[in-house]
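A.B. asks: One file is attached below, entry.cif, containing mmCIF, C-alpha atoms.
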```cif
data_work
#
loop_
_atom_site.group_PDB
_atom_site.id
_atom_site.type_symbol
_atom_site.label_atom_id
_atom_site.label_comp_id
_atom_site.auth_asym_id
_atom_site.auth_seq_id
_atom_site.Cartn_x
_atom_site.Cartn_y
_atom_site.Cartn_z
ATOM 1 C CA MET A 1 28.429 79.473 74.139
ATOM 2 C CA ALA A 2 26.561 79.251 77.417
ATOM 3 C CA LEU A 3 28.653 78.371 80.400
ATOM 4 C CA ALA A 4 27.792 76.364 83.461
ATOM 5 C CA GLU A 5 27.470 78.381 86.623
ATOM 6 C CA GLY A 6 29.501 77.455 89.674
ATOM 7 C CA ASN A 7 26.722 75.101 90.812
ATOM 8 C CA GLY A 8 26.816 73.247 87.477
ATOM 9 C CA ALA A 9 23.582 74.782 86.176
ATOM 10 C CA VAL A 10 23.558 75.623 82.497
ATOM 11 C CA VAL A 11 23.157 79.256 81.524
ATOM 12 C CA PHE A 12 20.790 79.355 78.559
ATOM 13 C CA SER A 13 19.401 82.840 78.003
ATOM 14 C CA GLU A 14 15.726 83.774 77.873
ATOM 15 C CA GLU A 15 16.256 84.838 74.273
ATOM 16 C CA GLN A 16 17.782 81.475 73.357
ATOM 17 C CA GLU A 17 14.958 79.676 75.121
ATOM 18 C CA ALA A 18 12.322 81.767 73.313
ATOM 19 C CA LEU A 19 13.902 81.011 69.925
ATOM 20 C CA VAL A 20 14.083 77.283 70.629
ATOM 21 C CA LEU A 21 10.506 77.144 71.965
ATOM 22 C CA LYS A 22 9.127 79.141 69.039
ATOM 23 C CA SER A 23 10.854 76.980 66.430
ATOM 24 C CA TRP A 24 10.100 73.682 68.197
ATOM 25 C CA ALA A 25 6.401 74.663 68.233
ATOM 26 C CA VAL A 26 6.568 74.966 64.432
ATOM 27 C CA MET A 27 8.453 71.680 63.955
ATOM 28 C CA LYS A 28 6.833 69.445 66.573
ATOM 29 C CA LYS A 29 3.848 68.407 64.472
ATOM 30 C CA ASP A 30 6.178 67.134 61.731
ATOM 31 C CA SER A 31 8.801 65.543 63.991
ATOM 32 C CA ALA A 32 8.614 62.057 62.393
ATOM 33 C CA ASN A 33 9.372 63.455 58.940
ATOM 34 C CA LEU A 34 11.981 65.915 60.238
ATOM 35 C CA GLY A 35 13.725 63.219 62.257
ATOM 36 C CA LEU A 36 14.047 61.083 59.144
ATOM 37 C CA ARG A 37 15.286 64.063 57.097
ATOM 38 C CA PHE A 38 17.844 64.749 59.838
ATOM 39 C CA PHE A 39 19.258 61.213 59.650
ATOM 40 C CA LEU A 40 19.149 61.118 55.837
ATOM 41 C CA LYS A 41 21.221 64.312 55.888
ATOM 42 C CA VAL A 42 23.758 62.663 58.227
ATOM 43 C CA PHE A 43 24.051 59.670 55.870
ATOM 44 C CA GLU A 44 24.268 61.929 52.811
ATOM 45 C CA ILE A 45 27.236 63.748 54.360
ATOM 46 C CA ALA A 46 28.844 60.612 55.818
ATOM 47 C CA PRO A 47 27.561 57.418 54.140
ATOM 48 C CA SER A 48 29.860 55.293 56.306
ATOM 49 C CA ALA A 49 27.866 56.372 59.372
ATOM 50 C CA LYS A 50 25.221 53.792 58.362
ATOM 51 C CA GLN A 51 27.612 51.096 59.593
ATOM 52 C CA MET A 52 27.225 52.425 63.142
ATOM 53 C CA PHE A 53 23.580 51.295 63.170
ATOM 54 C CA SER A 54 23.109 47.540 63.485
ATOM 55 C CA PHE A 55 19.607 47.724 62.000
ATOM 56 C CA LEU A 56 20.983 49.322 58.803
ATOM 57 C CA ARG A 57 24.091 47.207 58.183
ATOM 58 C CA ASP A 58 22.497 44.308 56.322
ATOM 59 C CA SER A 59 19.250 45.961 55.337
ATOM 60 C CA ASP A 60 18.166 46.111 51.701
ATOM 61 C CA VAL A 61 15.313 48.474 52.575
ATOM 62 C CA PRO A 62 15.908 52.010 51.244
ATOM 63 C CA LEU A 63 16.807 54.317 54.122
ATOM 64 C CA GLU A 64 13.760 56.545 53.676
ATOM 65 C CA LYS A 65 11.483 53.488 53.957
ATOM 66 C CA ASN A 66 13.285 51.659 56.771
ATOM 67 C CA PRO A 67 10.809 51.423 59.680
ATOM 68 C CA LYS A 68 13.548 50.993 62.300
ATOM 69 C CA LEU A 69 15.369 54.072 61.040
ATOM 70 C CA LYS A 70 12.108 56.054 61.003
ATOM 71 C CA THR A 71 11.397 55.122 64.624
ATOM 72 C CA HIS A 72 14.977 55.766 65.769
ATOM 73 C CA ALA A 73 15.232 59.057 63.869
ATOM 74 C CA MET A 74 11.998 60.411 65.321
ATOM 75 C CA SER A 75 12.932 59.463 68.886
ATOM 76 C CA VAL A 76 16.382 61.084 68.580
ATOM 77 C CA PHE A 77 14.970 64.246 66.995
ATOM 78 C CA VAL A 78 12.189 64.596 69.575
ATOM 79 C CA MET A 79 14.539 63.898 72.512
ATOM 80 C CA THR A 80 17.030 66.482 71.203
ATOM 81 C CA CYS A 81 14.356 69.134 70.670
ATOM 82 C CA GLU A 82 12.564 68.469 73.969
ATOM 83 C CA ALA A 83 15.875 68.631 75.859
ATOM 84 C CA ALA A 84 16.603 71.947 74.141
ATOM 85 C CA ALA A 85 13.156 73.310 74.985
ATOM 86 C CA GLN A 86 13.563 72.498 78.680
ATOM 87 C CA LEU A 87 17.223 73.483 79.075
ATOM 88 C CA ARG A 88 16.773 76.940 80.597
ATOM 89 C CA LYS A 89 13.862 76.092 82.883
ATOM 90 C CA ALA A 90 15.602 73.004 84.241
ATOM 91 C CA GLY A 91 19.108 74.500 84.234
ATOM 92 C CA LYS A 92 20.439 71.221 82.841
ATOM 93 C CA VAL A 93 19.830 68.605 80.172
ATOM 94 C CA THR A 94 16.555 66.937 81.153
ATOM 95 C CA VAL A 95 17.070 63.534 79.554
ATOM 96 C CA ARG A 96 16.630 60.845 82.216
ATOM 97 C CA GLU A 97 19.868 59.706 83.818
ATOM 98 C CA THR A 98 19.244 56.087 82.774
ATOM 99 C CA THR A 99 18.743 57.242 79.185
ATOM 100 C CA LEU A 100 21.951 59.309 79.308
ATOM 101 C CA LYS A 101 23.882 56.317 80.674
ATOM 102 C CA ARG A 102 22.486 54.120 77.875
ATOM 103 C CA LEU A 103 23.273 56.774 75.257
ATOM 104 C CA GLY A 104 26.796 57.162 76.621
ATOM 105 C CA ALA A 105 27.405 53.396 76.612
ATOM 106 C CA THR A 106 25.972 52.988 73.098
ATOM 107 C CA HIS A 107 27.943 55.897 71.659
ATOM 108 C CA LEU A 108 31.115 54.551 73.281
ATOM 109 C CA LYS A 109 30.457 51.013 71.987
ATOM 110 C CA TYR A 110 30.077 52.203 68.391
ATOM 111 C CA GLY A 111 33.113 54.472 68.537
ATOM 112 C CA VAL A 112 31.310 57.791 68.252
ATOM 113 C CA ALA A 113 33.920 60.562 68.320
ATOM 114 C CA ASP A 114 33.883 64.369 68.368
ATOM 115 C CA GLY A 115 33.748 64.516 64.565
ATOM 116 C CA HIS A 116 30.550 62.472 64.547
ATOM 117 C CA PHE A 117 28.920 64.856 67.020
ATOM 118 C CA GLU A 118 30.028 67.855 64.914
ATOM 119 C CA LEU A 119 28.627 66.325 61.730
ATOM 120 C CA THR A 120 25.374 65.542 63.540
ATOM 121 C CA ARG A 121 25.130 69.130 64.838
ATOM 122 C CA PHE A 122 25.578 70.405 61.283
ATOM 123 C CA ALA A 123 22.847 68.034 59.988
ATOM 124 C CA LEU A 124 20.517 69.022 62.841
ATOM 125 C CA LEU A 125 20.961 72.741 62.198
ATOM 126 C CA GLU A 126 20.422 72.276 58.456
ATOM 127 C CA THR A 127 17.277 70.232 59.102
ATOM 128 C CA ILE A 128 15.891 72.896 61.446
ATOM 129 C CA LYS A 129 16.792 75.681 59.002
ATOM 130 C CA GLU A 130 14.953 73.876 56.180
ATOM 131 C CA ALA A 131 11.951 73.132 58.404
ATOM 132 C CA LEU A 132 11.354 76.714 59.510
ATOM 133 C CA PRO A 133 9.938 79.582 57.499
ATOM 134 C CA ALA A 134 12.845 81.544 56.013
ATOM 135 C CA ASP A 135 12.037 84.641 58.084
ATOM 136 C CA MET A 136 12.273 82.647 61.328
ATOM 137 C CA TRP A 137 15.813 81.333 60.786
ATOM 138 C CA SER A 138 18.592 83.656 61.960
ATOM 139 C CA LEU A 139 22.117 83.576 63.310
ATOM 140 C CA GLU A 140 20.645 83.862 66.824
ATOM 141 C CA MET A 141 18.359 80.862 66.154
ATOM 142 C CA LYS A 142 21.326 78.860 64.882
ATOM 143 C CA LYS A 143 23.359 79.774 67.975
ATOM 144 C CA ALA A 144 20.506 78.850 70.329
ATOM 145 C CA TRP A 145 20.007 75.401 68.785
ATOM 146 C CA SER A 146 23.759 74.848 68.556
ATOM 147 C CA GLU A 147 24.191 75.657 72.244
ATOM 148 C CA ALA A 148 21.320 73.375 73.243
ATOM 149 C CA TYR A 149 22.773 70.553 71.140
ATOM 150 C CA ASN A 150 26.238 71.124 72.634
ATOM 151 C CA GLN A 151 24.786 70.811 76.141
ATOM 152 C CA LEU A 152 23.101 67.499 75.248
ATOM 153 C CA VAL A 153 26.325 66.195 73.700
ATOM 154 C CA ALA A 154 28.293 67.238 76.798
ATOM 155 C CA ALA A 155 25.838 65.260 78.959
ATOM 156 C CA ILE A 156 26.159 62.192 76.697
ATOM 157 C CA LYS A 157 29.967 62.462 76.627
ATOM 158 C CA GLN A 158 30.026 62.523 80.435
ATOM 159 C CA GLU A 159 28.472 59.053 80.313
ATOM 160 C CA MET A 160 30.816 57.712 77.614
ATOM 161 C CA LYS A 161 33.028 55.840 80.024
ATOM 162 C CA PRO A 162 34.362 52.329 79.618
ATOM 163 C CA ASP A 163 33.153 49.968 82.337
ATOM 164 C CA ALA A 164 35.496 50.046 85.292
#
```
Do you think you could lay out the structure here as structure tokens?
C.D. replies:
Amino acid sequence: MALAEGNGAVVFSEEQEALVLKSWAVMKKDSANLGLRFFLKVFEIAPSAKQMFSFLRDSDVPLEKNPKLKTHAMSVFVMTCEAAAQLRKAGKVTVRETTLKRLGATHLKYGVADGHFELTRFALLETIKEALPADMWSLEMKKAWSEAYNQLVAAIKQEMKPDA
């Protein structure tokens, strides 16, 4: 796991960055489909997670056809991958502070806990593994994406504070 330096900058190696950039280049063109596959995987593992999404609670539309889920899934997938791609260059998670505050507040409101983040990391890694050519996926690739995801989650968790 990469550690923050004394100045708070994230240490994400050149090798990790290269792996993330190379794989994101392969996946980017199919991000709408991959984002949906990512969320379908989350709901396959934890069907009760659907209740955390207001737009899914009373919907009779099949998940794979739900336009709100498709839009949400793509935006989450793209934001996660873009943040990962920029992590080393920026030395920190590059999601806008207002977006992080909103994500923190939303995740707090819906009771997102560590287990949810772990399940989501697993689903993300499985989605990436399935999206890449078999010869591109490796333990190092998995570690790079896992570290990038962990950094994004740490930034979101920092903003998961109840209003004072």
A.B. asks: Specify as a list of chain:residue names each residue included when the PyMOL selection byres ((chain A and resi 108) around 9) is applied to this file.
C.D. replies: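 That selection, the PyMOL selection byres ((chain A and resi 108) around 9), comes back as A:Leu103, A:Gly104, A:Ala105, A:Thr106, A:His107, A:Lys109, A:Tyr110, A:Gly111, A:Val112, A:Ala113, A:Lys157, A:Glu159, A:Met160, A:Lys161, A:Pro162.
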A.B. asks: Please save C-alpha atoms of the selected residues as a short mmCIF file (atom, residue, chain, number, x, y, z; two decimals), in the frame of the given file.
C.D. replies:
```
data_model
loop_
_atom_site.label_atom_id
_atom_site.label_comp_id
_atom_site.auth_asym_id
_atom_site.auth_seq_id
_atom_site.Cartn_x
_atom_site.Cartn_y
_atom_site.Cartn_z
CA LEU A 103 23.27 56.77 75.26
CA GLY A 104 26.80 57.16 76.62
CA ALA A 105 27.40 53.40 76.61
CA THR A 106 25.97 52.99 73.10
CA HIS A 107 27.94 55.90 71.66
CA LYS A 109 30.46 51.01 71.99
CA TYR A 110 30.08 52.20 68.39
CA GLY A 111 33.11 54.47 68.54
CA VAL A 112 31.31 57.79 68.25
CA ALA A 113 33.92 60.56 68.32
CA LYS A 157 29.97 62.46 76.63
CA GLU A 159 28.47 59.05 80.31
CA MET A 160 30.82 57.71 77.61
CA LYS A 161 33.03 55.84 80.02
CA PRO A 162 34.36 52.33 79.62
#
```
A.B. asks: What is the CA of Lys92 (chain A) to CA of Ala148 (chain A) distance in Å?
C.D. replies: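 For CA of Lys92 (chain A) relative to CA of Ala148 (chain A), the distance reads 9.9 Å.
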A.B. asks: Restricting the calculation to all atoms listed in the file: of A:Lys143, A:Ala85, A:Glu118, A:Ala155, which residue gets closest to Leu21 (chain A)?
C.D. replies: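 Under the stated criterion, the closest residue is A:Ala85.
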A.B. asks: Could you check the closest approach to Ala25 (chain A) for each of A:Arg96, A:Arg102, A:Cys81, A:Trp145 and tell me which residue wins, using only C-alpha atoms?
C.D. replies: A:Cys81
A.B. asks: Kindly resolve the PyMOL selection byres ((chain A and resi 84) around 9) on the present coordinates and return the residues as JSON, numbers by chain.
C.D. replies: {"A": [17, 20, 21, 24, 79, 80, 81, 82, 83, 85, 86, 87, 88, 93, 94, 144, 145, 147, 148, 149, 151, 152]}
A.B. asks: Draw an axis-aligned box tight on the listed atoms of region 121-134 of chain A, then pad every side by 3 Å and write out centre and edge lengths in Å to one decimal as AutoDock Vina command-line options.
C.D. replies:
```
--center_x 17.8 --center_y 74.8 --center_z 60.4 --size_x 21.6 --size_y 19.5 --size_z 14.8
```
A.B. asks: What is the CA of Ile128 (chain A) to CA of Arg57 (chain A) distance in Å?
C.D. replies: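 We find that CA of Ile128 (chain A) and CA of Arg57 (chain A) lie 27.2 Å from each other.
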A.B. asks: Could you check how far CA of Ile156 (chain A) sits from CA of Ala18 (chain A), in Å to one decimal?
C.D. replies: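 CA of Ala18 (chain A) lies at a distance of 24.2 Å from CA of Ile156 (chain A).
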A.B. asks: If the PyMOL selection byres ((chain A and resi 137) around 12) is run on the structure shown, which residues does it catch, given as a short mmCIF file (atom, residue, chain, number, x, y, z; two decimals) with C-alpha atoms, keeping the file's coordinate frame?
C.D. replies:
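Saved the output as part_19.cif:
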```cif
data_model
loop_
_atom_site.label_atom_id
_atom_site.label_comp_id
_atom_site.auth_asym_id
_atom_site.auth_seq_id
_atom_site.Cartn_x
_atom_site.Cartn_y
_atom_site.Cartn_z
CA LEU A 19 13.90 81.01 69.92
CA VAL A 20 14.08 77.28 70.63
CA LYS A 22 9.13 79.14 69.04
CA SER A 23 10.85 76.98 66.43
CA VAL A 26 6.57 74.97 64.43
CA LEU A 125 20.96 72.74 62.20
CA GLU A 126 20.42 72.28 58.46
CA THR A 127 17.28 70.23 59.10
CA ILE A 128 15.89 72.90 61.45
CA LYS A 129 16.79 75.68 59.00
CA GLU A 130 14.95 73.88 56.18
CA ALA A 131 11.95 73.13 58.40
CA LEU A 132 11.35 76.71 59.51
CA PRO A 133 9.94 79.58 57.50
CA ALA A 134 12.84 81.54 56.01
CA ASP A 135 12.04 84.64 58.08
CA MET A 136 12.27 82.65 61.33
CA SER A 138 18.59 83.66 61.96
CA LEU A 139 22.12 83.58 63.31
CA GLU A 140 20.64 83.86 66.82
CA MET A 141 18.36 80.86 66.15
CA LYS A 142 21.33 78.86 64.88
CA LYS A 143 23.36 79.77 67.97
CA ALA A 144 20.51 78.85 70.33
CA TRP A 145 20.01 75.40 68.78
#
```
A.B. asks: Taking (28.1, 63.5, 64.5) in the file's own coordinates, collect the residues within 12 Å, counting only C-alpha atoms, and hand them back as a tab-separated table (two decimals) with C-alpha atoms, in the coordinates of the input.
C.D. replies:
```
chain	number	residue	atom	x	y	z
A	38	PHE	CA	17.84	64.75	59.84
A	39	PHE	CA	19.26	61.21	59.65
A	41	LYS	CA	21.22	64.31	55.89
A	42	VAL	CA	23.76	62.66	58.23
A	43	PHE	CA	24.05	59.67	55.87
A	45	ILE	CA	27.24	63.75	54.36
A	46	ALA	CA	28.84	60.61	55.82
A	48	SER	CA	29.86	55.29	56.31
A	49	ALA	CA	27.87	56.37	59.37
A	50	LYS	CA	25.22	53.79	58.36
A	52	MET	CA	27.22	52.42	63.14
A	107	HIS	CA	27.94	55.90	71.66
A	111	GLY	CA	33.11	54.47	68.54
A	112	VAL	CA	31.31	57.79	68.25
A	113	ALA	CA	33.92	60.56	68.32
A	114	ASP	CA	33.88	64.37	68.37
A	115	GLY	CA	33.75	64.52	64.56
A	116	HIS	CA	30.55	62.47	64.55
A	117	PHE	CA	28.92	64.86	67.02
A	118	GLU	CA	30.03	67.86	64.91
A	119	LEU	CA	28.63	66.32	61.73
A	120	THR	CA	25.37	65.54	63.54
A	121	ARG	CA	25.13	69.13	64.84
A	122	PHE	CA	25.58	70.40	61.28
A	123	ALA	CA	22.85	68.03	59.99
A	124	LEU	CA	20.52	69.02	62.84
A	125	LEU	CA	20.96	72.74	62.20
A	149	TYR	CA	22.77	70.55	71.14
A	150	ASN	CA	26.24	71.12	72.63
A	153	VAL	CA	26.32	66.19	73.70
```
A.B. asks: Of the residues A:Val78, A:Ala154, A:Leu100, A:Val95, which is the one nearest to Lys28 (chain A), using all atoms listed in the file?
C.D. replies: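 Looking at the shortest contact to Lys28 (chain A), the residue is A:Val78.
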A.B. asks: Could you check which of A:Pro62, A:Met74, A:Leu69, A:Glu14 is closest to Lys29 (chain A), using all atoms listed in the file?
C.D. replies: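 Of A:Pro62, A:Met74, A:Leu69, A:Glu14, the one nearest Lys29 (chain A), counting all atoms listed in the file, is A:Met74.
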